[in-house]
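Data block for start_31.cif (mmCIF, C-alpha atoms):
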data_final
loop_
_atom_site.label_atom_id
_atom_site.label_comp_id
_atom_site.auth_asym_id
_atom_site.auth_seq_id
_atom_site.Cartn_x
_atom_site.Cartn_y
_atom_site.Cartn_z
CA MET W 1 113.10 101.72 96.49
CA ASP W 2 110.78 98.71 96.25
CA ARG W 3 110.45 98.54 100.04
CA ALA W 4 109.64 102.24 100.19
CA ILE W 5 106.89 101.75 97.60
CA GLN W 6 105.47 98.84 99.56
CA PHE W 7 105.61 100.96 102.72
CA LEU W 8 103.75 103.87 101.11
CA THR W 9 101.07 101.62 99.64
CA ASP W 10 100.38 99.78 102.90
CA PRO W 11 96.77 100.59 103.92
CA LYS W 12 97.79 101.01 107.56
CA VAL W 13 100.63 103.37 106.66
CA LYS W 14 98.24 105.51 104.63
CA LEU W 15 96.39 106.27 107.88
CA SER W 16 99.48 108.01 109.30
CA THR W 17 100.34 111.66 108.66
CA VAL W 18 102.46 112.71 105.70
CA GLU W 19 105.14 113.98 108.07
CA THR W 20 105.30 110.60 109.79
CA ARG W 21 105.74 108.77 106.51
CA VAL W 22 108.44 111.14 105.28
CA ASP W 23 110.29 111.04 108.61
CA PHE W 24 110.28 107.23 108.61
CA LEU W 25 111.76 107.05 105.11
CA LYS W 26 114.41 109.64 105.90
CA ARG W 27 115.42 107.69 109.00
CA LYS W 28 115.95 104.75 106.64
CA GLY W 29 118.55 106.83 104.84
CA MET W 30 116.50 107.79 101.79
CA SER W 31 117.20 111.08 100.03
CA ASP W 32 114.47 113.54 99.06
CA GLU W 33 114.85 112.48 95.43
CA ASP W 34 114.42 108.79 96.29
CA ILE W 35 111.40 109.51 98.49
CA LEU W 36 109.84 111.59 95.71
CA GLY W 37 110.37 108.77 93.22
CA ALA W 38 108.84 106.21 95.57
CA ALA W 39 105.90 108.49 96.36
CA ARG W 40 105.14 109.09 92.68
CA THR W 41 105.31 105.38 91.91
CA ALA W 42 103.10 104.53 94.88
CA GLY W 43 100.64 107.28 94.04
CA ASP W 44 101.22 109.03 97.39
CA ARG W 45 100.53 112.61 96.35
CA GLY W 46 100.77 113.88 99.92
CA VAL W 47 104.35 112.72 100.37
CA ALA W 48 105.32 113.89 96.88
CA LYS W 49 103.85 117.35 97.51
CA HIS W 50 105.57 117.54 100.90
CA ILE W 51 108.99 116.75 99.40
CA LEU W 52 108.56 119.19 96.51
CA SER W 53 107.45 121.98 98.83
CA ALA W 54 110.60 121.55 100.91
CA ASN W 55 113.10 121.08 98.07
CA GLN W 56 113.41 123.92 95.55
CA GLY W 57 115.77 121.98 93.30
CA LEU W 58 113.40 119.05 92.88
CA ARG W 59 110.50 121.45 92.43
CA ASP W 60 112.32 123.19 89.57
CA VAL W 61 112.98 119.84 87.90
CA ALA W 62 109.34 118.82 88.28
CA ASP W 63 108.17 122.14 86.82
CA GLY W 64 110.49 121.65 83.86
CA GLU W 65 109.18 118.15 83.21
CA ALA W 66 105.62 119.40 83.31
CA LYS W 67 106.40 122.02 80.65
CA LYS W 68 107.85 119.56 78.14
CA GLN W 69 105.87 119.53 74.92
CA VAL W 70 104.58 116.20 73.68
CA THR W 71 104.60 115.82 69.90
CA ILE W 72 101.87 113.62 68.44
CA PRO W 73 102.38 112.56 64.80
CA ASP W 74 99.63 113.58 62.39
CA ARG W 75 98.40 110.04 61.85
CA LEU W 76 94.92 108.65 62.49
CA ILE W 77 94.97 104.96 63.41
CA THR W 78 91.83 102.84 63.15
CA VAL W 79 90.84 100.20 65.71
CA ASP W 80 91.56 97.50 63.12
CA GLU W 81 95.01 98.95 62.41
CA LEU W 82 95.75 99.04 66.14
CA ALA W 83 94.61 95.40 66.45
CA ALA W 84 97.30 94.44 63.95
CA MET W 85 100.01 96.20 65.98
CA ASP W 86 100.62 93.10 68.07
CA GLY W 87 104.40 92.80 67.75
CA GLN W 88 104.14 89.72 65.55
CA GLY W 89 105.78 89.26 62.14
CA GLY W 90 107.86 92.40 62.46
CA ARG W 91 104.86 94.60 63.27
CA PRO W 92 105.16 97.18 66.05
CA LEU W 93 103.72 96.37 69.49
CA CYS W 94 101.33 99.11 70.51
CA LEU W 95 98.45 100.13 72.74
CA SER W 96 96.25 103.16 73.09
CA CYS W 97 95.80 105.27 76.23
CA LYS W 98 93.26 108.10 76.04
CA GLY W 99 93.26 107.73 72.28
CA ILE W 100 97.02 108.15 71.85
CA VAL W 101 98.85 105.17 70.35
CA TYR W 102 102.19 104.22 71.92
CA GLU W 103 104.78 101.69 70.81
CA VAL W 104 105.45 99.72 73.98
CA ASP W 105 107.98 97.34 75.49
CA PRO W 106 107.62 93.63 74.57
CA SER W 107 108.97 92.65 77.98
CA PHE W 108 105.75 94.05 79.48
CA TYR W 109 103.24 93.61 76.65
CA GLY W 110 104.61 90.81 74.48
CA LYS W 111 102.92 87.44 74.13
CA GLY W 112 103.00 85.60 77.45
CA GLU W 113 103.86 88.71 79.49
CA ALA W 114 101.77 90.09 82.34
CA TYR W 115 100.18 92.97 80.40
CA HIS W 116 99.72 91.30 77.01
CA ALA W 117 95.95 91.81 77.47
CA PHE W 118 96.52 95.53 76.82
CA ALA W 119 98.43 95.02 73.56
CA ALA W 120 96.84 96.14 70.27
CA LYS W 121 93.86 97.75 72.06
CA ASP W 122 92.76 100.94 73.71
CA CYS W 123 93.18 100.08 77.41
CA THR W 124 92.15 103.47 78.83
CA ARG W 125 89.44 102.17 81.16
CA HIS W 126 91.64 99.40 82.54
CA LEU W 127 94.43 101.86 83.36
CA ALA W 128 91.96 104.18 85.09
CA LYS W 129 90.60 101.30 87.17
CA VAL W 130 94.03 99.70 87.78
CA SER W 131 92.88 96.38 86.36
CA VAL W 132 94.31 93.88 83.89
CA GLY W 133 92.14 92.32 81.19
CA ASP W 134 90.28 93.24 78.02
CA SER W 135 86.64 93.29 79.16
CA GLU W 136 86.62 97.10 78.92
CA SER W 137 89.07 97.56 76.07
CA ASN W 138 88.20 99.72 73.05
CA ARG W 139 85.51 101.62 74.94
CA THR W 140 84.94 105.31 75.57
CA TRP W 141 85.88 106.71 78.98
CA GLY W 142 83.77 109.82 79.46
CA ASP W 143 81.89 108.29 82.39
CA LEU W 144 84.96 107.70 84.60
CA SER W 145 84.92 109.16 88.11
CA ALA W 146 87.13 112.10 89.07
CA ALA W 147 89.39 109.76 91.04
CA GLN W 148 89.72 107.40 88.06
CA VAL W 149 90.50 110.29 85.73
CA GLU W 150 93.24 111.41 88.10
CA VAL W 151 94.78 107.92 88.04
CA LEU W 152 94.42 107.83 84.25
CA ASN W 153 96.14 111.19 83.81
CA ASP W 154 99.09 109.93 85.86
CA TRP W 155 99.42 106.91 83.57
CA GLU W 156 99.18 109.14 80.50
CA GLU W 157 102.11 111.23 81.76
CA LYS W 158 104.17 108.09 82.37
CA TYR W 159 103.45 106.66 78.93
CA GLN W 160 104.36 109.97 77.30
CA ALA W 161 107.63 110.06 79.22
CA LYS W 162 108.62 106.49 78.35
CA TYR W 163 107.22 105.37 74.98
CA PRO W 164 107.26 106.66 71.38
CA ILE W 165 103.94 107.99 70.07
CA LEU W 166 102.77 106.71 66.68
CA GLY W 167 99.59 108.75 66.30
CA ARG W 168 95.99 109.15 67.43
CA LEU W 169 93.37 106.43 67.58
CA ASP W 170 90.12 106.98 65.70
CA THR W 171 88.05 107.13 68.89
CA SER W 172 84.82 107.43 66.90
CA GLN W 173 85.13 103.66 66.45
CA LEU W 174 85.17 102.92 70.20
CA GLN W 175 82.13 101.38 71.84
CA PRO W 176 80.23 102.96 74.76
CA PRO W 177 81.13 101.66 78.22
CA ASP W 178 77.83 99.83 78.65
CA ALA W 179 78.14 97.80 75.43
CA GLU W 180 77.54 94.10 76.02
CA GLU W 181 80.78 92.95 74.37
CA PRO W 182 84.14 94.70 73.97
CA MET W 183 84.89 95.74 70.41
CA LYS W 184 86.72 93.05 68.49
CA PRO W 185 88.93 93.65 65.44
CA SER W 186 87.61 92.64 62.05
CA LYS W 187 88.50 89.28 60.58
CA ALA W 188 90.89 90.96 58.15
CA SER W 189 92.95 92.40 61.00
CA LYS W 190 93.23 88.96 62.58
CA ALA W 191 94.93 87.35 59.59
CA GLY W 192 97.81 85.22 60.74
CA GLN W 193 96.79 85.48 64.39
CA SER W 194 95.63 82.56 66.52
CA SER W 195 91.91 82.51 67.16
CA SER W 196 92.28 80.58 70.40
CA LYS W 197 92.20 82.32 73.75
CA ARG W 198 93.64 81.34 77.04
CA VAL W 199 92.80 82.62 80.47
CA ARG W 200 95.63 82.34 82.94
CA LYS W 201 96.26 83.40 86.49
CA VAL W 202 99.20 85.64 87.28
CA ARG W 203 100.28 86.86 90.67
CA LEU W 204 101.21 90.53 90.57
CA THR W 205 102.77 92.48 93.39
CA PHE W 206 102.40 95.72 91.46
CA PHE W 207 100.17 97.00 88.70
CA ASP W 208 103.06 98.13 86.56
CA PRO W 209 102.20 98.33 82.84
CA ALA W 210 104.40 101.35 82.14
CA GLY W 211 107.35 100.06 84.13
CA PHE W 212 106.80 102.31 87.15
CA GLY W 213 104.56 100.37 89.53
CA VAL W 214 101.30 101.08 91.33
CA PHE W 215 100.45 98.68 94.13
CA SER W 216 97.56 96.40 93.40
CA LYS W 217 96.16 93.15 94.67
CA ALA W 218 97.52 89.78 93.61
CA GLY W 219 95.72 87.08 91.70
CA VAL W 220 94.61 89.09 88.68
CA THR W 221 93.03 87.24 85.78
CA VAL W 222 94.54 88.07 82.41
CA SER W 223 92.47 87.13 79.39
#

Just give me the structure as structure tokens.
Amino acid sequence: MDRAIQFLTDPKVKLSTVETRVDFLKRKGMSDEDILGAARTAGDRGVAKHILSANQGLRDVADGEAKKQVTIPDRLITVDELAAMDGQGGRPLCLSCKGIVYEVDPSFYGKGEAYHAFAAKDCTRHLAKVSVGDSESNRTWGDLSAAQVEVLNDWEEKYQAKYPILGRLDTSQLQPPDAEEPMKPSKASKAGQSSSKRVRKVRLTFFDPAGFGVFSKAGVTVS
């Protein structure tokens, strides 16, 4: 599966026709279901659409998944409350995507892990731009391009499918995208947390915060 994802995200491969890409993967012995999974992970909508159009069974499954209702608890979470959801001292480890707060996996978001920069913040803009960091955390996202919104909606679906939802973020507290500094939690919410910051280099083969994988460039700075 990993090789198929790498194949579908190769810039040169993207220049080929959908039929060529599908035929190549089938000649490698991949089933329609495996190709569909790789295409979704790689963000290759053309291949995914081609497989679904030719396979009624997979199309029925996809339609059923799309119709699943997502239940959001009636709980409004402030930015300061989210900042305290850092997985420390028995607290839940959470993030916000499009104003929905999810309890996430420490193996991806825990201290020292590749996506810890997203923890305890609204990381909507970073997901839309496929970038790791916190320079655009806790900001509104109404100015995103259509292409970025499409990427963001894909991530939202993946988070909803994988992680428990704790409630809604109070988005009235988010800063505009052109604010000079990202919103920081109040001093009260930082009690017991280290005030020091480290910037480290990580080498990522995939941008994979939800555990699915979207190809991105290596050498991302995580702050």

If the PyMOL selection byres ((chain W and resi 51) around 12) is run on the structure shown, which residues does it catch, given as a ChimeraX atom specification? /W:18-19,21-23,25-26,30-40,44-50,52-59,62

Pick the closest to Val101 (chain W) from W:Leu152, W:Leu169, W:Ile5, W:Val130: which is it, counting all atoms listed in the file?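 Closest to Val101 (chain W) of all the choices is W:Leu169.
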
Long-range neighbours of region 109-119 of chain W as a PyMOL selection string, 6 Å cut-off, all atoms listed in the file, 3 positions minimum in chain: chain W and resi 94-95+106+123+133-134

Output of the PyMOL selection byres ((chain W and resi 167) around 12), listed as a list in words: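 Written out, the selection comes to Val70, Thr71, Ile72, Pro73, Asp74, Arg75, Leu76, Ile77, Thr78, Glu81, Leu82, Cys94, Leu95, Ser96, Cys97, Lys98, Gly99, Ile100, Val101, Tyr102, Glu103, Pro164, Ile165, Leu166, Arg168, Leu169, Asp170 and Thr171 of chain W.
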
With C-alpha atoms retained, export the selected residues as an mmCIF file, in the coordinates of the input.
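Dumped everything to part36.cif:
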data_model
loop_
_atom_site.group_PDB
_atom_site.id
_atom_site.type_symbol
_atom_site.label_atom_id
_atom_site.label_comp_id
_atom_site.auth_asym_id
_atom_site.auth_seq_id
_atom_site.Cartn_x
_atom_site.Cartn_y
_atom_site.Cartn_z
ATOM 1 C CA VAL W 70 104.580 116.200 73.680
ATOM 2 C CA THR W 71 104.600 115.820 69.900
ATOM 3 C CA ILE W 72 101.870 113.620 68.440
ATOM 4 C CA PRO W 73 102.380 112.560 64.800
ATOM 5 C CA ASP W 74 99.630 113.580 62.390
ATOM 6 C CA ARG W 75 98.400 110.040 61.850
ATOM 7 C CA LEU W 76 94.920 108.650 62.490
ATOM 8 C CA ILE W 77 94.970 104.960 63.410
ATOM 9 C CA THR W 78 91.830 102.840 63.150
ATOM 10 C CA GLU W 81 95.010 98.950 62.410
ATOM 11 C CA LEU W 82 95.750 99.040 66.140
ATOM 12 C CA CYS W 94 101.330 99.110 70.510
ATOM 13 C CA LEU W 95 98.450 100.130 72.740
ATOM 14 C CA SER W 96 96.250 103.160 73.090
ATOM 15 C CA CYS W 97 95.800 105.270 76.230
ATOM 16 C CA LYS W 98 93.260 108.100 76.040
ATOM 17 C CA GLY W 99 93.260 107.730 72.280
ATOM 18 C CA ILE W 100 97.020 108.150 71.850
ATOM 19 C CA VAL W 101 98.850 105.170 70.350
ATOM 20 C CA TYR W 102 102.190 104.220 71.920
ATOM 21 C CA GLU W 103 104.780 101.690 70.810
ATOM 22 C CA PRO W 164 107.260 106.660 71.380
ATOM 23 C CA ILE W 165 103.940 107.990 70.070
ATOM 24 C CA LEU W 166 102.770 106.710 66.680
ATOM 25 C CA ARG W 168 95.990 109.150 67.430
ATOM 26 C CA LEU W 169 93.370 106.430 67.580
ATOM 27 C CA ASP W 170 90.120 106.980 65.700
ATOM 28 C CA THR W 171 88.050 107.130 68.890
#

As a PyMOL selection string, please: the residues near region 139-146 of chain W (cut-off 8 Å, only C-alpha atoms, same-chain neighbours under 4 positions excluded). chain W and resi 122+124-125+128+150+171+174-177+182-183

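When all atoms listed in the file are used to compute distances to Glu180 (chain W), the closest of the residues W:Gly29, W:Lys129, W:Glu136, W:Asp2 turns out to be W:Glu136.
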
Separation of CA of Ala120 (chain W) from CA of Ala84 (chain W), in Å and rounded to one decimal: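 Rounded to one decimal, the two atoms are 6.6 Å apart.
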
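For the choices W:Val104, W:Thr9, W:Asp86, W:Thr17, the atom-to-atom distance to Ala161 (chain W) is smallest for W:Val104 when using all atoms listed in the file.
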
Expressed in Å to a single decimal, how great is the separation between CA of Val151 (chain W) and CA of Lys121 (chain W)?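 We find that CA of Val151 (chain W) and CA of Lys121 (chain W) lie 19.0 Å from each other.
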
Rounded to one decimal place, report the CA of Ser16 (chain W)-CA of Gly43 (chain W) distance in Å.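 We find that CA of Ser16 (chain W) and CA of Gly43 (chain W) lie 15.3 Å from each other.
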
Where atoms are absent from region 35-46 of chain W, fill them in so it carries all heavy atoms, then output it as an mmCIF file, in the frame of the given file.
data_model
loop_
_atom_site.group_PDB
_atom_site.id
_atom_site.type_symbol
_atom_site.label_atom_id
_atom_site.label_comp_id
_atom_site.auth_asym_id
_atom_site.auth_seq_id
_atom_site.Cartn_x
_atom_site.Cartn_y
_atom_site.Cartn_z
ATOM 1 N N ILE W 35 112.737 109.508 97.891
ATOM 2 C CA ILE W 35 111.400 109.510 98.490
ATOM 3 C C ILE W 35 110.377 110.014 97.480
ATOM 4 O O ILE W 35 109.272 109.462 97.360
ATOM 5 C CB ILE W 35 111.370 110.375 99.769
ATOM 6 C CG1 ILE W 35 112.257 109.755 100.848
ATOM 7 C CG2 ILE W 35 109.930 110.533 100.277
ATOM 8 C CD1 ILE W 35 112.409 110.625 102.089
ATOM 9 N N LEU W 36 110.748 111.055 96.724
ATOM 10 C CA LEU W 36 109.840 111.590 95.710
ATOM 11 C C LEU W 36 109.543 110.534 94.652
ATOM 12 O O LEU W 36 108.391 110.358 94.247
ATOM 13 C CB LEU W 36 110.465 112.824 95.047
ATOM 14 C CG LEU W 36 109.651 113.471 93.916
ATOM 15 C CD1 LEU W 36 108.297 113.936 94.436
ATOM 16 C CD2 LEU W 36 110.433 114.632 93.302
ATOM 17 N N GLY W 37 110.577 109.811 94.212
ATOM 18 C CA GLY W 37 110.370 108.770 93.220
ATOM 19 C C GLY W 37 109.462 107.663 93.730
ATOM 20 O O GLY W 37 108.557 107.198 93.020
ATOM 21 N N ALA W 38 109.672 107.258 94.980
ATOM 22 C CA ALA W 38 108.840 106.210 95.570
ATOM 23 C C ALA W 38 107.400 106.696 95.729
ATOM 24 O O ALA W 38 106.447 105.943 95.468
ATOM 25 C CB ALA W 38 109.409 105.788 96.919
ATOM 26 N N ALA W 39 107.237 107.936 96.150
ATOM 27 C CA ALA W 39 105.900 108.490 96.360
ATOM 28 C C ALA W 39 105.129 108.578 95.040
ATOM 29 O O ALA W 39 103.932 108.254 94.976
ATOM 30 C CB ALA W 39 105.998 109.867 97.004
ATOM 31 N N ARG W 40 105.810 109.000 93.979
ATOM 32 C CA ARG W 40 105.140 109.090 92.680
ATOM 33 C C ARG W 40 104.734 107.706 92.183
ATOM 34 O O ARG W 40 103.646 107.523 91.640
ATOM 35 C CB ARG W 40 106.078 109.758 91.664
ATOM 36 C CG ARG W 40 106.168 111.274 91.841
ATOM 37 C CD ARG W 40 107.180 111.880 90.904
ATOM 38 N NE ARG W 40 107.044 113.325 90.815
ATOM 39 C CZ ARG W 40 107.891 114.103 90.149
ATOM 40 N NH1 ARG W 40 108.947 113.558 89.538
ATOM 41 N NH2 ARG W 40 107.706 115.403 90.103
ATOM 42 N N THR W 41 105.615 106.740 92.353
ATOM 43 C CA THR W 41 105.310 105.380 91.910
ATOM 44 C C THR W 41 104.164 104.789 92.706
ATOM 45 O O THR W 41 103.292 104.106 92.165
ATOM 46 C CB THR W 41 106.556 104.478 92.042
ATOM 47 O OG1 THR W 41 107.617 105.019 91.259
ATOM 48 C CG2 THR W 41 106.261 103.066 91.571
ATOM 49 N N ALA W 42 104.148 105.071 94.003
ATOM 50 C CA ALA W 42 103.100 104.530 94.880
ATOM 51 C C ALA W 42 101.808 105.324 94.802
ATOM 52 O O ALA W 42 100.793 104.917 95.360
ATOM 53 C CB ALA W 42 103.610 104.509 96.318
ATOM 54 N N GLY W 43 101.837 106.457 94.118
ATOM 55 C CA GLY W 43 100.640 107.280 94.040
ATOM 56 C C GLY W 43 100.349 108.058 95.310
ATOM 57 O O GLY W 43 99.205 108.466 95.546
ATOM 58 N N ASP W 44 101.395 108.282 96.139
ATOM 59 C CA ASP W 44 101.220 109.030 97.390
ATOM 60 C C ASP W 44 101.457 110.511 97.114
ATOM 61 O O ASP W 44 102.571 111.025 97.228
ATOM 62 C CB ASP W 44 102.210 108.525 98.456
ATOM 63 C CG ASP W 44 101.882 109.041 99.853
ATOM 64 O OD1 ASP W 44 101.392 110.179 99.956
ATOM 65 O OD2 ASP W 44 102.111 108.307 100.827
ATOM 66 N N ARG W 45 100.414 111.202 96.721
ATOM 67 C CA ARG W 45 100.530 112.610 96.350
ATOM 68 C C ARG W 45 100.905 113.491 97.543
ATOM 69 O O ARG W 45 101.575 114.511 97.390
ATOM 70 C CB ARG W 45 99.228 113.102 95.728
ATOM 71 C CG ARG W 45 98.938 112.465 94.383
ATOM 72 C CD ARG W 45 97.609 112.952 93.816
ATOM 73 N NE ARG W 45 97.417 112.438 92.483
ATOM 74 C CZ ARG W 45 97.834 113.051 91.375
ATOM 75 N NH1 ARG W 45 98.483 114.189 91.479
ATOM 76 N NH2 ARG W 45 97.608 112.530 90.193
ATOM 77 N N GLY W 46 100.452 113.090 98.732
ATOM 78 C CA GLY W 46 100.770 113.880 99.920
ATOM 79 C C GLY W 46 102.256 113.935 100.190
ATOM 80 O O GLY W 46 102.823 115.008 100.434
#
